Amino acid sequence: MTDQLKLFDPNAPLKTDSAQATIPDTVSEATPSVTNDLFVADAGGTAPPDLPPAASGPASDIPSPADYAARRYLEYAMSVVTGRALPSAADGQKPVQRRILYAMHRMGLYKSPRHVKSARVVGDVIGKYHPHGDSSVYDAMVRMAQDWSLRYPIVDGQGNFGSRDGDNAAAMRYTEARLTPIAELLLAELDEGTVDWKPNYDGANDEPALLPARLPFCLLNGASGIAVGMATEIPAHNLREVAKAAVAIIRNPVFSEDEMLAIIPGPDYPGGAQIISTPEEIAATYRSGRGSLRVRAKWKIENLARGQWKLVITELPPGVSTATVLSEIEACSNPVAKEKAGKKVFTPEQLNLKAAFLSSISESGVRDESGKEHAVRLVVEPASSRQGQDDLVRMLLAHTSLETNASINLTVLGVNGTPRQASLYSMISEWCRFRLSTVERRTRHRLTAAEKRIHILEGRLAVL
């Protein structure tokens with residue numbers, strides 16, 4: 001499919017009959033340069049056509065409507081890519097997440113013994129740093145507090161922050177929040193000259209361009225986003241494995257990609273589940289930065305009295321909820337007939353599948369016992385104790401989301417703000433370079449502060 005994609009060079013000069021059209025420089029000044037391999041058409045579509053020539057004559061210096069629309073659309077596309085959808089490879093945060101963390105840092109909530117109203121945090125963010133609706137800020141903060149969305153939640157929420165079944169969080173006036181201890185790894189060195197600062201939307205305050213992340217959070221918590229012409233789907237990974245790989249790359253400049261893949265064998269999804277793709281498939285996905293992995297739920301057999309047993313599902317693939325599995329089982333055991341000539345007609349496949357489910361699962365069917373003690377507990381009772389355990393499991397895996405594909409698309413913003421398709425090795429290497437630069441800037445800041453203090457002490461010594 002990728003062989004059919006046509007590239008579009010946003011930096012190519014506009015084609016005109018006489019002279020090159022004069023376009024305002026707002027696009028090149030407000031957006032970073034973009035590599036040509038990123039601006040591709042959507043799968044199955046076509047690339048943007050060449051821009052039509054501008055009219056020649058006395059008014060040839062005025063851009064045509066097509067040229068103006070193309071430039072404005074490119075400016076909009078880059079604003080979505082760099083300002084909303086894609087995370088940074090340096091700190092792993094999108095702009096709205098970075099502004100939420102910085103606002104909560106300024107409020108002293110990463111060492112606070114108490115929670116504050118979420119509405120207070122949202123109001124501070126949209127009033128000082130994020131000139132958008134409050135729902136966009138609150139939705140991002142809710143996701144940062146959900147342990148089934150993030151492997152290592154950054155926000156500690158108190159109240160109803162939704163559920164894995166898709167239930168929405170309570171209104172922000174009812175919930176409270178503060179930062180988790182791991183957020184200190186993102187914010188602790190913020191005031192030590194480690195990062196660049198930029199003015200906010202009205203110039204009244206400053207906000208950090210990046211956070212001095214002490215770990216590659218882009219891989220720890222992953223990210224998901226859809227931009228214009230590109231998307232990202234980064235899975236979560238284990239902290240110990242990612243930290244070990246980063247240390248190995250820093251200590252050994254010739255550390256190979258194969259050695260890194262031996263340290264990081266695969267993703268570590270927040271909800272658990274098991275990856276059944278082969279190591280070769282995982283390595284190929286990590287090297288190219290794009291692919292999909294086969295993920296399967298985890299289950300166990302609980303034996304009961306008199307030879308009875310039941311199937312208990314304890315972990316689900318990413319993006320799958322217990323409500324989804326229940327609805328799929330219900331659809332298989334009670335299919336919907338199609339209207340044909342005024343009669344309800346079932347296909348042979350529907351009838352066979354219905355008979356298989358009704359003969360394998362008892363009348364009590366499937367029940368959801370998830371709660372505070374068990375995040376996921378889906379119980380399936382067989383129709384008979386003589387029912388084959390493997391047969392029941394295979395039937396559920398084949399016709400429900402207990403086994404599914406999890407896509408991977410490692411598209412990130414580089415430290416210089418340029419979006420690119422990255423591999424796992426290049427993401428860790430870029431974070432290592434960013435972290436070394438951050439430590440150097442922190443050291444220089446501390447050295448300058450020490451020299452100023454020494455200068456004052458030497459003056460006092462001279463007076464004495």
# chains A, B, ... in the order shown; residues from 1 in each chain; ligands from 1
$ closest_atom_pairs --of "range 103-179 of chain A" --to "range 89-95 of chain A" --cutoff "10 Å" --atoms "only C-alpha atoms" --output "Markdown table"
| residue | atom | partner | partner_atom | distance |
| --- | --- | --- | --- | --- |
| A:Tyr129 | CA | A:Pro95 | CA | 9.6 |
| A:His130 | CA | A:Pro95 | CA | 8.6 |
| A:Ala140 | CA | A:Lys94 | CA | 9.6 |
$ write_last_selection --atoms "all heavy atoms" --output "mmCIF file, in the first residue's frame"
data_model
loop_
_atom_site.group_PDB
_atom_site.id
_atom_site.type_symbol
_atom_site.label_atom_id
_atom_site.label_comp_id
_atom_site.auth_asym_id
_atom_site.auth_seq_id
_atom_site.Cartn_x
_atom_site.Cartn_y
_atom_site.Cartn_z
ATOM 1 N N TYR A 129 -2.784 29.359 29.719
ATOM 2 C CA TYR A 129 -1.920 28.686 28.754
ATOM 3 C C TYR A 129 -2.640 28.077 27.564
ATOM 4 O O TYR A 129 -2.072 28.044 26.476
ATOM 5 C CB TYR A 129 -1.122 27.567 29.461
ATOM 6 C CG TYR A 129 -0.475 28.025 30.744
ATOM 7 C CD1 TYR A 129 -0.935 27.571 31.982
ATOM 8 C CD2 TYR A 129 0.594 28.911 30.731
ATOM 9 C CE1 TYR A 129 -0.345 27.979 33.160
ATOM 10 C CE2 TYR A 129 1.184 29.336 31.910
ATOM 11 C CZ TYR A 129 0.715 28.866 33.117
ATOM 12 O OH TYR A 129 1.288 29.284 34.286
ATOM 13 N N HIS A 130 -3.854 27.595 27.707
ATOM 14 C CA HIS A 130 -4.507 26.816 26.655
ATOM 15 C C HIS A 130 -5.791 27.514 26.241
ATOM 16 O O HIS A 130 -6.845 27.327 26.871
ATOM 17 C CB HIS A 130 -4.811 25.410 27.174
ATOM 18 C CG HIS A 130 -5.047 24.401 26.092
ATOM 19 N ND1 HIS A 130 -4.047 23.976 25.235
ATOM 20 C CD2 HIS A 130 -6.165 23.727 25.717
ATOM 21 C CE1 HIS A 130 -4.530 23.081 24.405
ATOM 22 N NE2 HIS A 130 -5.819 22.916 24.673
ATOM 23 N N ALA A 140 -8.419 15.568 28.709
ATOM 24 C CA ALA A 140 -7.006 15.172 28.747
ATOM 25 C C ALA A 140 -6.564 14.868 30.168
ATOM 26 O O ALA A 140 -5.820 13.900 30.399
ATOM 27 C CB ALA A 140 -6.144 16.278 28.140
#
$ residues_around --residues "range 167-181 of chain A" --least-positions-apart "4" --cutoff "7 Å" --atoms "only C-alpha atoms" --output "short mmCIF file (atom, residue, chain, number, x, y, z; two decimals) with N, CA, C and O atoms, in the first residue's frame"
data_model
loop_
_atom_site.label_atom_id
_atom_site.label_comp_id
_atom_site.auth_asym_id
_atom_site.auth_seq_id
_atom_site.Cartn_x
_atom_site.Cartn_y
_atom_site.Cartn_z
N LEU A 109 0.94 21.12 43.37
CA LEU A 109 0.15 19.91 43.55
C LEU A 109 0.95 18.63 43.38
O LEU A 109 0.39 17.55 43.46
N TYR A 110 2.25 18.71 43.10
CA TYR A 110 3.01 17.47 42.97
C TYR A 110 3.64 17.06 44.30
O TYR A 110 4.22 15.99 44.40
N HIS A 115 -5.99 17.00 47.63
CA HIS A 115 -6.45 17.21 46.27
C HIS A 115 -7.16 18.56 46.17
O HIS A 115 -7.65 19.09 47.17
N VAL A 116 -7.22 19.10 44.96
CA VAL A 116 -7.97 20.33 44.71
C VAL A 116 -9.01 20.03 43.64
O VAL A 116 -8.92 19.04 42.90
N LYS A 117 -10.01 20.87 43.56
CA LYS A 117 -11.07 20.70 42.58
C LYS A 117 -10.50 20.71 41.16
O LYS A 117 -9.65 21.54 40.81
N SER A 118 -10.98 19.79 40.35
CA SER A 118 -10.53 19.74 38.96
C SER A 118 -10.90 21.00 38.20
O SER A 118 -10.18 21.44 37.30
N ALA A 119 -12.02 21.61 38.56
CA ALA A 119 -12.43 22.84 37.89
C ALA A 119 -11.43 23.97 38.12
O ALA A 119 -11.21 24.81 37.24
N ILE A 154 -0.12 10.00 35.70
CA ILE A 154 0.58 11.20 36.17
C ILE A 154 -0.31 12.02 37.09
O ILE A 154 0.19 12.78 37.92
N VAL A 155 -1.61 11.89 36.97
CA VAL A 155 -2.56 12.63 37.79
C VAL A 155 -3.23 11.64 38.75
O VAL A 155 -3.66 10.56 38.33
N ASP A 156 -3.31 12.03 40.00
CA ASP A 156 -3.99 11.24 41.03
C ASP A 156 -5.39 11.80 41.19
O ASP A 156 -5.59 12.86 41.78
N GLY A 157 -6.37 11.10 40.64
CA GLY A 157 -7.74 11.59 40.67
C GLY A 157 -8.51 11.05 41.85
O GLY A 157 -8.31 9.93 42.31
N GLN A 158 -9.40 11.86 42.36
CA GLN A 158 -10.28 11.47 43.46
C GLN A 158 -11.71 11.76 43.03
O GLN A 158 -12.06 12.91 42.74
N GLY A 159 -12.51 10.72 43.00
CA GLY A 159 -13.88 10.86 42.51
C GLY A 159 -14.09 9.94 41.32
O GLY A 159 -13.32 9.01 41.07
N ASN A 160 -15.13 10.18 40.58
CA ASN A 160 -15.48 9.35 39.44
C ASN A 160 -14.73 9.84 38.20
O ASN A 160 -15.09 10.84 37.60
N PHE A 161 -13.67 9.13 37.84
CA PHE A 161 -12.90 9.45 36.64
C PHE A 161 -13.18 8.45 35.52
O PHE A 161 -12.31 8.17 34.71
N GLY A 162 -14.38 7.90 35.47
CA GLY A 162 -14.77 6.98 34.41
C GLY A 162 -14.41 5.55 34.75
O GLY A 162 -13.93 5.23 35.83
N SER A 163 -14.67 4.67 33.80
CA SER A 163 -14.38 3.25 33.98
C SER A 163 -13.90 2.68 32.66
O SER A 163 -14.01 3.31 31.60
#
$ closest_residue --among "A:Arg71, A:Val312, A:Gly225, A:Leu358" --to "Asn334 in chain A" --atoms "only C-alpha atoms"
A:Leu358
$ residues_around --residues "range 205-219 of chain A" --least-positions-apart "5" --cutoff "6 Å" --atoms "only C-alpha atoms" --output "list in words"
Ala89, Asp91, Gly92, Leu185, Leu186, Asp196, Trp197, Lys198, Pro199, Asn200, Ala236 and His237 of chain A
$ select_by_dssp --residues "range 101-181 of chain A" --states "strand (DSSP E)" --output "ChimeraX atom specification"
/A:116-117,155-158,176-179
$ write_last_selection --atoms "N, CA and C atoms" --output "JSON list (two decimals), in the first residue's frame"
[["chain", "number", "residue", "atom", "x", "y", "z"],
["A", 116, "VAL", "N", -7.22, 19.10, 44.96],
["A", 116, "VAL", "CA", -7.97, 20.33, 44.71],
["A", 116, "VAL", "C", -9.01, 20.03, 43.64],
["A", 117, "LYS", "N", -10.01, 20.87, 43.56],
["A", 117, "LYS", "CA", -11.07, 20.70, 42.58],
["A", 117, "LYS", "C", -10.50, 20.71, 41.16],
["A", 155, "VAL", "N", -1.61, 11.89, 36.97],
["A", 155, "VAL", "CA", -2.56, 12.63, 37.79],
["A", 155, "VAL", "C", -3.23, 11.64, 38.75],
["A", 156, "ASP", "N", -3.31, 12.03, 40.00],
["A", 156, "ASP", "CA", -3.99, 11.24, 41.03],
["A", 156, "ASP", "C", -5.39, 11.80, 41.19],
["A", 157, "GLY", "N", -6.37, 11.10, 40.64],
["A", 157, "GLY", "CA", -7.74, 11.59, 40.67],
["A", 157, "GLY", "C", -8.51, 11.05, 41.85],
["A", 158, "GLN", "N", -9.40, 11.86, 42.36],
["A", 158, "GLN", "CA", -10.28, 11.47, 43.46],
["A", 158, "GLN", "C", -11.71, 11.76, 43.03],
["A", 176, "GLU", "N", -11.71, 15.78, 42.07],
["A", 176, "GLU", "CA", -10.52, 16.46, 42.58],
["A", 176, "GLU", "C", -9.28, 15.75, 42.05],
["A", 177, "ALA", "N", -8.16, 16.46, 42.04],
["A", 177, "ALA", "CA", -6.96, 15.90, 41.45],
["A", 177, "ALA", "C", -5.72, 16.52, 42.07],
["A", 178, "ARG", "N", -4.64, 15.78, 41.96],
["A", 178, "ARG", "CA", -3.29, 16.24, 42.26],
["A", 178, "ARG", "C", -2.32, 15.40, 41.45],
["A", 179, "LEU", "N", -1.05, 15.72, 41.48],
["A", 179, "LEU", "CA", -0.06, 14.98, 40.71],
["A", 179, "LEU", "C", 0.42, 13.76, 41.48]]
$ closest_residue --among "A:Thr314, A:Gln308, A:Gln274, A:Gln421" --to "Ile408 in chain A" --atoms "only C-alpha atoms"
A:Gln421
$ select_by_dssp --residues "range 184-392 of chain A" --states "helix (DSSP H, G or I)" --output "PyMOL selection string"
chain A and resi 184-187+217-220+239-251+257-263+279-288+305-307+322-333+348-360+389-392
$ residues_around --residues "Leu304 in chain A" --least-positions-apart "4" --cutoff "12 Å" --atoms "only C-alpha atoms" --output "PyMOL selection string"
chain A and resi 308-311+381+385
